[in-house]
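**Student:** Got a file for you: input-v7.cif, mmCIF, C-alpha atoms and all ligand atoms.
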```cif
data_data
loop_
_atom_site.group_PDB
_atom_site.id
_atom_site.type_symbol
_atom_site.label_atom_id
_atom_site.label_comp_id
_atom_site.auth_asym_id
_atom_site.auth_seq_id
_atom_site.Cartn_x
_atom_site.Cartn_y
_atom_site.Cartn_z
ATOM 1 C CA MET A 787 -25.155 25.214 133.979
ATOM 2 C CA SER A 788 -24.653 28.715 135.352
ATOM 3 C CA GLU A 789 -22.909 31.355 133.235
ATOM 4 C CA ILE A 790 -20.734 32.235 136.215
ATOM 5 C CA ASP A 791 -18.849 30.071 138.665
ATOM 6 C CA VAL A 792 -21.215 30.852 141.533
ATOM 7 C CA PRO A 793 -24.244 28.813 142.657
ATOM 8 C CA GLU A 794 -27.627 30.388 141.915
ATOM 9 C CA SER A 795 -28.406 30.182 145.634
ATOM 10 C CA HIS A 796 -25.622 32.688 146.373
ATOM 11 C CA PRO A 797 -27.248 35.804 147.923
ATOM 12 C CA ARG A 798 -25.483 38.070 145.430
ATOM 13 C CA TYR A 799 -25.939 35.766 142.437
ATOM 14 C CA GLN A 800 -27.974 38.181 140.325
ATOM 15 C CA SER A 801 -25.657 41.096 140.910
ATOM 16 C CA LEU A 802 -22.566 38.953 140.155
ATOM 17 C CA LEU A 803 -24.245 37.692 136.963
ATOM 18 C CA THR A 804 -25.057 41.273 135.951
ATOM 19 C CA ARG A 805 -21.452 42.375 136.479
ATOM 20 C CA HIS A 806 -20.219 39.384 134.510
ATOM 21 C CA ARG A 807 -22.499 40.163 131.548
ATOM 22 C CA ILE A 808 -21.535 43.845 131.527
ATOM 23 C CA GLU A 809 -17.828 42.956 131.704
ATOM 24 C CA GLU A 810 -18.288 40.568 128.767
ATOM 25 C CA GLY A 811 -20.228 43.287 126.946
ATOM 26 C CA VAL A 812 -17.242 45.627 127.273
ATOM 27 C CA GLU A 813 -14.860 42.891 126.072
ATOM 28 C CA LYS A 814 -17.059 42.215 123.004
ATOM 29 C CA GLY A 815 -17.267 45.913 122.123
ATOM 30 C CA ILE A 816 -20.998 46.049 122.897
ATOM 31 C CA THR A 817 -20.959 48.046 126.123
ATOM 32 C CA SER A 818 -19.056 51.309 126.583
ATOM 33 C CA LYS A 819 -16.796 52.050 129.549
ATOM 34 C CA GLN A 820 -19.405 54.578 130.703
ATOM 35 C CA GLY A 821 -21.777 51.613 130.737
ATOM 36 C CA LEU A 822 -19.726 50.169 133.592
ATOM 37 C CA ILE A 823 -20.391 53.313 135.616
ATOM 38 C CA ALA A 824 -24.117 53.186 134.829
ATOM 39 C CA GLU A 825 -24.121 49.566 135.979
ATOM 40 C CA GLY A 826 -22.502 50.527 139.308
ATOM 41 C CA ARG A 827 -25.105 53.201 139.883
ATOM 42 C CA GLY A 828 -27.925 50.807 139.072
ATOM 43 C CA GLU A 829 -26.524 48.171 141.420
ATOM 44 C CA ALA A 830 -26.504 50.604 144.331
ATOM 45 C CA PHE A 831 -30.182 51.397 143.810
ATOM 46 C CA ASP A 832 -31.056 47.727 143.384
ATOM 47 C CA TYR A 833 -29.357 47.007 146.717
ATOM 48 C CA LEU A 834 -31.446 49.719 148.380
ATOM 49 C CA LEU A 835 -34.625 48.271 146.854
ATOM 50 C CA GLY A 836 -33.790 44.836 148.282
ATOM 51 C CA GLU A 837 -32.966 43.404 144.808
ATOM 52 C CA ARG A 838 -36.621 42.508 144.235
ATOM 53 C CA THR A 839 -39.528 43.733 142.146
ATOM 54 C CA ILE A 840 -41.556 45.985 144.413
ATOM 55 C CA GLU A 841 -45.346 45.997 144.001
ATOM 56 C CA SER A 842 -45.477 49.402 142.305
ATOM 57 C CA ALA A 843 -42.870 48.233 139.747
ATOM 58 C CA ASP A 844 -44.990 45.196 138.963
ATOM 59 C CA GLU A 845 -48.018 47.478 138.415
ATOM 60 C CA ALA A 846 -45.856 49.669 136.166
ATOM 61 C CA ALA A 847 -44.754 46.588 134.192
ATOM 62 C CA ARG A 848 -48.434 45.701 133.639
ATOM 63 C CA ALA A 849 -49.265 49.255 132.506
ATOM 64 C CA ALA A 850 -46.229 49.132 130.184
ATOM 65 C CA ALA A 851 -47.483 45.874 128.672
ATOM 66 C CA ALA A 852 -50.939 47.405 128.116
ATOM 67 C CA LEU A 853 -49.431 50.547 126.545
ATOM 68 C CA LEU A 854 -47.251 48.478 124.206
ATOM 69 C CA LEU A 855 -50.234 46.322 123.168
ATOM 70 C CA LEU A 856 -52.291 49.468 122.444
ATOM 71 C CA ALA A 857 -49.520 51.123 120.412
ATOM 72 C CA ASP A 858 -49.671 51.481 116.629
ATOM 73 C CA ARG A 859 -45.874 51.554 116.248
ATOM 74 C CA PRO A 860 -44.089 50.394 119.384
ATOM 75 C CA VAL A 861 -40.272 50.375 119.404
ATOM 76 C CA LEU A 862 -37.894 48.945 122.017
ATOM 77 C CA SER A 863 -34.663 50.945 122.213
ATOM 78 C CA VAL A 864 -31.476 49.008 122.972
ATOM 79 C CA ASN A 865 -28.181 50.456 124.185
ATOM 80 C CA GLY A 866 -24.910 48.760 125.137
ATOM 81 C CA ASN A 867 -25.980 47.798 128.665
ATOM 82 C CA VAL A 868 -29.362 46.498 127.538
ATOM 83 C CA ALA A 869 -27.737 44.423 124.781
ATOM 84 C CA ALA A 870 -25.260 42.908 127.232
ATOM 85 C CA LEU A 871 -27.844 42.158 129.919
ATOM 86 C CA VAL A 872 -31.078 41.059 128.201
ATOM 87 C CA PRO A 873 -30.641 40.541 124.415
ATOM 88 C CA GLY A 874 -32.850 37.443 124.162
ATOM 89 C CA GLU A 875 -35.448 38.828 126.570
ATOM 90 C CA ILE A 876 -35.783 42.004 124.454
ATOM 91 C CA VAL A 877 -36.433 39.922 121.330
ATOM 92 C CA GLU A 878 -39.049 37.910 123.266
ATOM 93 C CA LEU A 879 -40.792 41.087 124.450
ATOM 94 C CA ALA A 880 -40.747 42.555 120.929
ATOM 95 C CA ALA A 881 -42.359 39.356 119.624
ATOM 96 C CA ALA A 882 -45.013 39.413 122.369
ATOM 97 C CA VAL A 883 -46.130 42.997 121.640
ATOM 98 C CA ASP A 884 -45.326 43.113 117.913
ATOM 99 C CA ALA A 885 -42.661 45.804 118.296
ATOM 100 C CA ASP A 886 -39.463 46.574 116.424
ATOM 101 C CA VAL A 887 -36.118 46.861 118.175
ATOM 102 C CA GLU A 888 -33.841 49.846 117.528
ATOM 103 C CA VAL A 889 -30.189 50.057 118.512
ATOM 104 C CA ASN A 890 -29.729 53.560 119.895
ATOM 105 C CA LEU A 891 -26.536 54.683 121.604
ATOM 106 C CA PHE A 892 -25.488 57.623 123.725
ATOM 107 C CA ASN A 893 -21.892 57.167 122.573
ATOM 108 C CA ARG A 894 -22.616 56.181 118.995
ATOM 109 C CA THR A 895 -19.901 54.582 116.862
ATOM 110 C CA ASP A 896 -20.478 52.472 113.745
ATOM 111 C CA GLU A 897 -18.472 49.602 115.267
ATOM 112 C CA ARG A 898 -20.564 49.451 118.407
ATOM 113 C CA MET A 899 -23.855 49.846 116.485
ATOM 114 C CA GLU A 900 -22.904 46.900 114.282
ATOM 115 C CA ALA A 901 -21.610 44.772 117.184
ATOM 116 C CA ILE A 902 -24.900 45.262 119.054
ATOM 117 C CA ALA A 903 -27.048 44.527 115.997
ATOM 118 C CA ALA A 904 -25.010 41.340 115.386
ATOM 119 C CA HIS A 905 -25.355 40.347 119.052
ATOM 120 C CA LEU A 906 -29.139 40.776 118.853
ATOM 121 C CA HIS A 907 -29.251 38.745 115.636
ATOM 122 C CA GLU A 908 -27.752 35.812 117.595
ATOM 123 C CA HIS A 909 -31.139 35.619 119.339
ATOM 124 C CA ASP A 910 -32.969 34.920 116.091
ATOM 125 C CA PRO A 911 -35.254 37.965 115.850
ATOM 126 C CA GLU A 912 -36.218 37.011 112.253
ATOM 127 C CA ALA A 913 -37.857 33.784 113.468
ATOM 128 C CA ALA A 914 -39.931 35.906 115.868
ATOM 129 C CA GLY A 915 -40.802 38.442 113.128
ATOM 130 C CA VAL A 916 -38.815 41.178 114.886
ATOM 131 C CA GLU A 917 -36.849 43.744 112.891
ATOM 132 C CA ILE A 918 -33.616 45.232 114.250
ATOM 133 C CA LYS A 919 -33.330 48.909 113.301
ATOM 134 C CA GLY A 920 -31.009 51.793 114.083
ATOM 135 C CA LEU A 921 -28.335 51.531 111.412
ATOM 136 C CA THR A 922 -30.102 53.763 108.866
ATOM 137 C CA ALA A 923 -30.121 56.841 111.108
ATOM 138 C CA ASP A 924 -32.145 58.947 108.654
ATOM 139 C CA ALA A 925 -34.054 61.027 111.222
ATOM 140 C CA ARG A 926 -33.107 63.261 114.159
ATOM 141 C CA ILE A 927 -34.514 63.937 117.636
ATOM 142 C CA PRO A 928 -34.886 67.741 117.847
ATOM 143 C CA GLY A 929 -32.925 69.469 120.608
ATOM 144 C CA LEU A 930 -29.994 67.041 120.837
ATOM 145 C CA GLU A 931 -26.521 67.434 119.368
ATOM 146 C CA HIS A 932 -25.684 65.545 116.199
ATOM 147 C CA GLU A 933 -24.593 61.983 117.086
ATOM 148 C CA ARG A 934 -26.969 61.615 120.024
ATOM 149 C CA SER A 935 -29.963 62.760 117.987
ATOM 150 C CA LYS A 936 -29.760 60.022 115.314
ATOM 151 C CA VAL A 937 -32.686 57.602 114.972
ATOM 152 C CA ASP A 938 -34.332 55.620 112.155
ATOM 153 C CA ALA A 939 -37.213 57.479 110.490
ATOM 154 C CA ASP A 940 -39.320 54.301 110.354
ATOM 155 C CA GLY A 941 -38.212 53.215 113.863
ATOM 156 C CA ILE A 942 -38.084 55.571 116.845
ATOM 157 C CA GLY A 943 -38.771 58.471 114.441
ATOM 158 C CA ALA A 944 -42.254 57.115 113.641
ATOM 159 C CA ALA A 945 -42.962 55.331 116.940
ATOM 160 C CA ASP A 946 -45.875 56.308 119.161
ATOM 161 C CA VAL A 947 -44.687 54.263 122.162
ATOM 162 C CA VAL A 948 -40.989 53.757 122.939
ATOM 163 C CA LEU A 949 -39.440 51.576 125.618
ATOM 164 C CA VAL A 950 -36.178 53.219 126.658
ATOM 165 C CA PRO A 951 -34.400 51.194 129.326
ATOM 166 C CA LEU A 952 -31.396 52.747 131.128
ATOM 167 C CA GLU A 953 -31.705 55.896 129.032
ATOM 168 C CA ASP A 954 -29.811 59.112 129.563
ATOM 169 C CA GLY A 955 -32.000 61.906 130.955
ATOM 170 C CA ASP A 956 -31.513 64.390 128.101
ATOM 171 C CA ARG A 957 -32.631 61.974 125.472
ATOM 172 C CA ALA A 958 -35.574 60.727 127.518
ATOM 173 C CA GLU A 959 -36.733 64.332 127.929
ATOM 174 C CA ALA A 960 -36.240 65.089 124.214
ATOM 175 C CA LEU A 961 -38.276 62.001 123.200
ATOM 176 C CA ALA A 962 -41.073 62.986 125.583
ATOM 177 C CA ALA A 963 -41.005 66.501 124.071
ATOM 178 C CA MET A 964 -41.537 64.901 120.615
ATOM 179 C CA GLY A 965 -44.821 63.509 121.954
ATOM 180 C CA LYS A 966 -43.706 59.882 122.294
ATOM 181 C CA SER A 967 -45.234 57.881 125.137
ATOM 182 C CA GLU A 968 -42.193 56.630 126.978
ATOM 183 C CA ILE A 969 -41.751 53.565 129.106
ATOM 184 C CA VAL A 970 -38.512 53.872 131.077
ATOM 185 C CA ILE A 971 -36.826 51.080 133.010
ATOM 186 C CA ASP A 972 -34.463 52.643 135.541
ATOM 187 C CA LEU A 973 -33.545 51.639 139.079
ATOM 188 C CA ASN A 974 -33.172 55.282 140.132
ATOM 189 C CA PRO A 975 -36.607 56.834 140.748
ATOM 190 C CA LEU A 976 -34.956 60.280 140.909
ATOM 191 C CA SER A 977 -33.324 60.081 137.469
ATOM 192 C CA ARG A 978 -34.560 62.501 134.841
ATOM 193 C CA SER A 979 -35.413 59.583 132.563
ATOM 194 C CA ALA A 980 -37.728 58.018 135.127
ATOM 195 C CA GLN A 981 -39.305 61.426 135.753
ATOM 196 C CA ALA A 982 -39.918 62.019 132.008
ATOM 197 C CA ALA A 983 -41.684 58.673 131.518
ATOM 198 C CA ALA A 984 -45.401 58.066 131.055
ATOM 199 C CA VAL A 985 -44.660 54.679 132.634
ATOM 200 C CA PRO A 986 -41.515 54.479 134.804
ATOM 201 C CA ILE A 987 -40.596 50.943 135.875
ATOM 202 C CA VAL A 988 -38.218 51.212 138.847
ATOM 203 C CA ASP A 989 -36.721 47.744 138.673
ATOM 204 C CA ASN A 990 -33.646 45.909 137.444
ATOM 205 C CA ILE A 991 -33.875 45.374 133.689
ATOM 206 C CA LEU A 992 -33.036 41.710 134.297
ATOM 207 C CA ARG A 993 -36.347 41.326 136.128
ATOM 208 C CA ALA A 994 -38.376 44.051 134.396
ATOM 209 C CA VAL A 995 -38.194 42.969 130.750
ATOM 210 C CA PRO A 996 -39.370 39.350 131.351
ATOM 211 C CA ASN A 997 -42.030 40.732 133.691
ATOM 212 C CA VAL A 998 -43.440 43.073 131.003
ATOM 213 C CA THR A 999 -43.460 40.104 128.587
ATOM 214 C CA ARG A 1000 -45.320 37.950 131.130
ATOM 215 C CA HIS A 1001 -47.959 40.681 131.581
ATOM 216 C CA ALA A 1002 -48.239 41.173 127.793
ATOM 217 C CA GLU A 1003 -48.831 37.456 127.295
ATOM 218 C CA ALA A 1004 -51.485 37.469 130.038
ATOM 219 C CA LEU A 1005 -53.184 40.516 128.439
ATOM 220 C CA CYS A 1006 -53.017 39.384 124.821
ATOM 221 C CA ASP A 1007 -56.779 38.678 124.664
ATOM 222 C CA ALA A 1008 -57.803 41.774 126.651
ATOM 223 C CA SER A 1009 -60.122 44.274 124.969
ATOM 224 C CA ARG A 1010 -58.948 47.783 124.007
ATOM 225 C CA GLU A 1011 -61.177 49.186 126.769
ATOM 226 C CA GLU A 1012 -59.525 46.959 129.358
ATOM 227 C CA LEU A 1013 -56.027 47.902 128.175
ATOM 228 C CA GLU A 1014 -56.968 51.597 128.134
ATOM 229 C CA SER A 1015 -58.300 51.395 131.659
ATOM 230 C CA ILE A 1016 -55.062 49.736 132.904
ATOM 231 C CA VAL A 1017 -53.044 52.573 131.337
ATOM 232 C CA GLY A 1018 -55.509 55.234 132.533
ATOM 233 C CA ASP A 1019 -55.420 53.964 136.129
ATOM 234 C CA PHE A 1020 -51.625 54.031 136.250
ATOM 235 C CA ASP A 1021 -50.121 57.053 138.022
ATOM 236 C CA PRO A 1022 -46.416 57.621 137.222
ATOM 237 C CA ASP A 1023 -45.883 60.051 140.125
ATOM 238 C CA ALA A 1024 -47.360 57.564 142.592
ATOM 239 C CA ALA A 1025 -45.094 54.825 141.187
ATOM 240 C CA LEU A 1026 -42.000 57.001 141.609
ATOM 241 C CA SER A 1027 -43.038 58.013 145.150
ATOM 242 C CA ALA A 1028 -43.632 54.370 146.073
ATOM 243 C CA ALA A 1029 -40.158 53.424 144.838
ATOM 244 C CA GLU A 1030 -38.537 56.334 146.659
ATOM 245 C CA GLY A 1031 -40.487 55.369 149.779
ATOM 246 C CA ALA A 1032 -39.268 51.764 149.524
ATOM 247 C CA ILE A 1033 -35.669 52.988 149.292
ATOM 248 C CA ARG A 1034 -36.010 55.453 152.177
ATOM 249 C CA SER A 1035 -37.761 52.940 154.433
ATOM 250 C CA GLY A 1036 -34.622 50.803 154.417
ATOM 251 C CA ASP A 1037 -36.845 47.712 154.577
ATOM 252 C CA LEU A 1038 -34.960 45.276 152.368
ATOM 253 C CA GLU A 1039 -37.481 42.433 152.663
HETATM 254 P P1 LIG X 1 -30.317 60.954 134.359
HETATM 255 O O1 LIG X 1 -29.491 61.593 133.276
HETATM 256 O O2 LIG X 1 -31.485 60.169 133.822
HETATM 257 O O3 LIG X 1 -30.760 61.865 135.477
HETATM 258 P P2 LIG X 1 -28.016 59.297 134.949
HETATM 259 O O4 LIG X 1 -27.074 60.330 134.488
HETATM 260 O O5 LIG X 1 -27.732 58.592 136.237
HETATM 261 O O6 LIG X 1 -29.487 59.840 135.108
HETATM 262 P P3 LIG X 1 -27.111 57.333 133.144
HETATM 263 O O7 LIG X 1 -25.915 57.098 134.005
HETATM 264 O O8 LIG X 1 -26.936 57.858 131.766
HETATM 265 O O9 LIG X 1 -28.195 58.214 133.839
HETATM 266 O O10 LIG X 1 -27.983 56.002 133.013
HETATM 267 C C1 LIG X 1 -27.886 54.961 133.844
HETATM 268 C C2 LIG X 1 -29.188 54.758 134.581
HETATM 269 O O11 LIG X 1 -29.535 53.408 134.440
HETATM 270 C C3 LIG X 1 -29.013 55.040 136.089
HETATM 271 O O12 LIG X 1 -30.099 55.798 136.552
HETATM 272 C C4 LIG X 1 -29.022 53.632 136.716
HETATM 273 O O13 LIG X 1 -29.682 53.628 137.969
HETATM 274 C C5 LIG X 1 -29.809 52.838 135.699
HETATM 275 N N1 LIG X 1 -29.411 51.411 135.651
HETATM 276 C C6 LIG X 1 -28.167 50.880 135.557
HETATM 277 N N2 LIG X 1 -28.189 49.541 135.517
HETATM 278 C C7 LIG X 1 -29.497 49.184 135.560
HETATM 279 C C8 LIG X 1 -30.183 47.936 135.504
HETATM 280 N N3 LIG X 1 -29.539 46.763 135.444
HETATM 281 N N4 LIG X 1 -31.536 47.953 135.545
HETATM 282 C C9 LIG X 1 -32.229 49.135 135.618
HETATM 283 N N5 LIG X 1 -31.624 50.346 135.671
HETATM 284 C C10 LIG X 1 -30.282 50.385 135.632
#
```
Could you quickly redo this structure as structure tokens?

**Tutor:**
Amino acid sequence: MSEIDVPESHPRYQSLLTRHRIEEGVEKGITSKQGLIAEGRGEAFDYLLGERTIESADEAARAAAALLLLADRPVLSVNGNVAALVPGEIVELAAAVDADVEVNLFNRTDERMEAIAAHLHEHDPEAAGVEIKGLTADARIPGLEHERSKVDADGIGAADVVLVPLEDGDRAEALAAMGKSEIVIDLNPLSRSAQAAAVPIVDNILRAVPNVTRHAEALCDASREELESIVGDFDPDAALSAAEGAIRSGDLE
């Protein structure tokens, strides 16, 4: 049974489902009103990309999976849009790559932090051995003003690889400046977040997160050398140029 009253064969099904989840996220106090604007911007880029995973985004998803599997302390950062759109899929990815999940908000309030953590707990992270962090907030990202700089010392603070989907550009740049390897999921190849990433995945988070999980499961028996060569062969600038090229070509198929 579909979550929305529209058949899955509808040409705009995915975008209507996304809007519905974001709207519900706002109603539940998970997503901020600014999150609605971010969603609109993402939708426009997805339309221009033909609402599909382009080849370079699939390669980026594979490199992201390899990077997460190589990491000592991988963390998946979750904001209000991510929590509304892919809560269960984030828990599944964290389980596949042995990562923790950290709630991390641009517009941080205790109510929203707790609502998001509770929403993630509905997807049974404990059963998958996944810890939900972010509420301790005992470390800071240098270079950001107070509320936006808060992270957990044993979460993003100590992470070597961080997945930051739909992240604001300032924070993505500040995390990169701390020496974190960043995987960014963002439909806009021109955004500062995508540009700051070691691995930018220019794709809708609805498609990208399950795709990274699929690659991680396929690579779970790969050797360190193989994983390192996948990461080493990945070129973030080429991935961004390919995405920009796909948008400019206007070829929606
Ligand atoms: P920046 O500060 O990085 O230059 P920005 O100000 O546009 O960019 P925000 O509005 O803070 O960034 O973040 C929203 C970003 O998330 C946008 O770039 C938008 O394209 C992207 N986005 C929104 N919805 C999705 C989605 N479902 N999947 C992937 N990306 C999305």

**Student:** Collect all residues with atoms no farther than 6 Å from ligand LIG 1 (chain X), counting all atoms listed in the file, and output them as a PyMOL selection string.

**Tutor:** chain A and resi 824-825+827-828+952-955+971-974+977-979+989-991

**Student:** What's the 9 Å shell around A:Ala882, counting only C-alpha atoms, without same-chain residues fewer than 5 positions away, as a PDB file with C-alpha atoms, in the frame of the given file?

**Tutor:**
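The resulting out38.pdb:
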```
ATOM      1  CA  LEU A 855     -50.234  46.322 123.168  1.00  0.00           C
ATOM      2  CA  VAL A 877     -36.433  39.922 121.330  1.00  0.00           C
ATOM      3  CA  ALA A 914     -39.931  35.906 115.868  1.00  0.00           C
ATOM      4  CA  THR A 999     -43.460  40.104 128.587  1.00  0.00           C
ATOM      5  CA  ARG A1000     -45.320  37.950 131.130  1.00  0.00           C
ATOM      6  CA  ALA A1002     -48.239  41.173 127.793  1.00  0.00           C
ATOM      7  CA  GLU A1003     -48.831  37.456 127.295  1.00  0.00           C
ATOM      8  CA  CYS A1006     -53.017  39.384 124.821  1.00  0.00           C
TER       9      CYS A1006
END
```

**Student:** Under the PyMOL selection byres (((chain A and resi 907-913) around 12) and not hetatm), which residues of this model are included? Write them out as a VMD selection string.

**Tutor:** chain A and resid 869 872 to 882 884 to 887 889 900 to 906 914 to 919

**Student:** So that all listed atoms of stretch 921-929 of chain A fit with 4 Å spare on each side, what axis-aligned box centre and edge lengths in Å, to one decimal, would you give as AutoDock Vina command-line options?

**Tutor:**
```
--center_x -31.6 --center_y 60.5 --center_z 114.6 --size_x 14.6 --size_y 25.9 --size_z 20.0
```

**Student:** Which is closest to A:Thr804 among A:Ala870, A:Ala1028, A:Met899, A:Ala843, if we use all atoms listed in the file?

**Tutor:**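 Checking each of A:Ala870, A:Ala1028, A:Met899, A:Ala843 against A:Thr804, counting all atoms listed in the file, the winner is A:Ala870.
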
**Student:** What would the selection look like, as a ChimeraX atom specification, if the PyMOL selection byres (((chain A and resi 857) around 12) and not hetatm) were run on the coordinates I just shared?

**Tutor:** /A:850-856,858-862,883-886,944-949,966-969,1010,1013-1014,1017

**Student:** Could you state the separation of atom CA of A:Ile927 and atom CA of A:Leu891 in Å, given to one decimal place?

**Tutor:** 12.8 Å

**Student:** What does the structure give for the distance between atom CA of A:Ala982 and atom CA of A:Asp1023, in Å to one decimal?

**Tutor:** 10.3 Å

**Student:** From (-31.1, 55.0, 109.0), in the file's coordinates, out to 10 Å: which residues are reached, counting all atoms listed in the file? Answer as a ChimeraX atom specification.

**Tutor:** /A:919-926,936-941

**Student:** When the PyMOL selection byres (((chain A and resi 1021) around 10) and not hetatm) is applied to the structure above, which residues does it catch, written out as a VMD selection string?

**Tutor:** chain A and resid 842 845 to 846 849 984 to 986 1017 to 1020 1022 to 1026

**Student:** Out of A:Ile816, A:Leu803, A:Ala958, A:Leu834, which residue has the shortest atom-to-atom distance to A:Ala980 when counting all atoms listed in the file?

**Tutor:**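 For A:Ala980, the nearest of the given residues is A:Ala958.
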
**Student:** Using Å and a single decimal, report how far atom CA of A:Val970 sits from atom CA of A:Phe892.

**Tutor:**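 Going from atom CA of A:Phe892 over to atom CA of A:Val970, I get 15.4 Å.
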
**Student:** Can you tell me which residues surround A:Ser818 at a distance of at most 7 Å, considering all atoms listed in the file, apart from same-chain residues fewer than 3 positions away, and format the answer as a PDB file with C-alpha atoms, in the frame of the given file?

**Tutor:**
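Contents of the output file result.pdb:
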```pdb
ATOM      1  CA  VAL A 812     -17.242  45.627 127.273  1.00  0.00           C
ATOM      2  CA  GLY A 821     -21.777  51.613 130.737  1.00  0.00           C
ATOM      3  CA  GLY A 866     -24.910  48.760 125.137  1.00  0.00           C
TER       4      GLY A 866
END
```
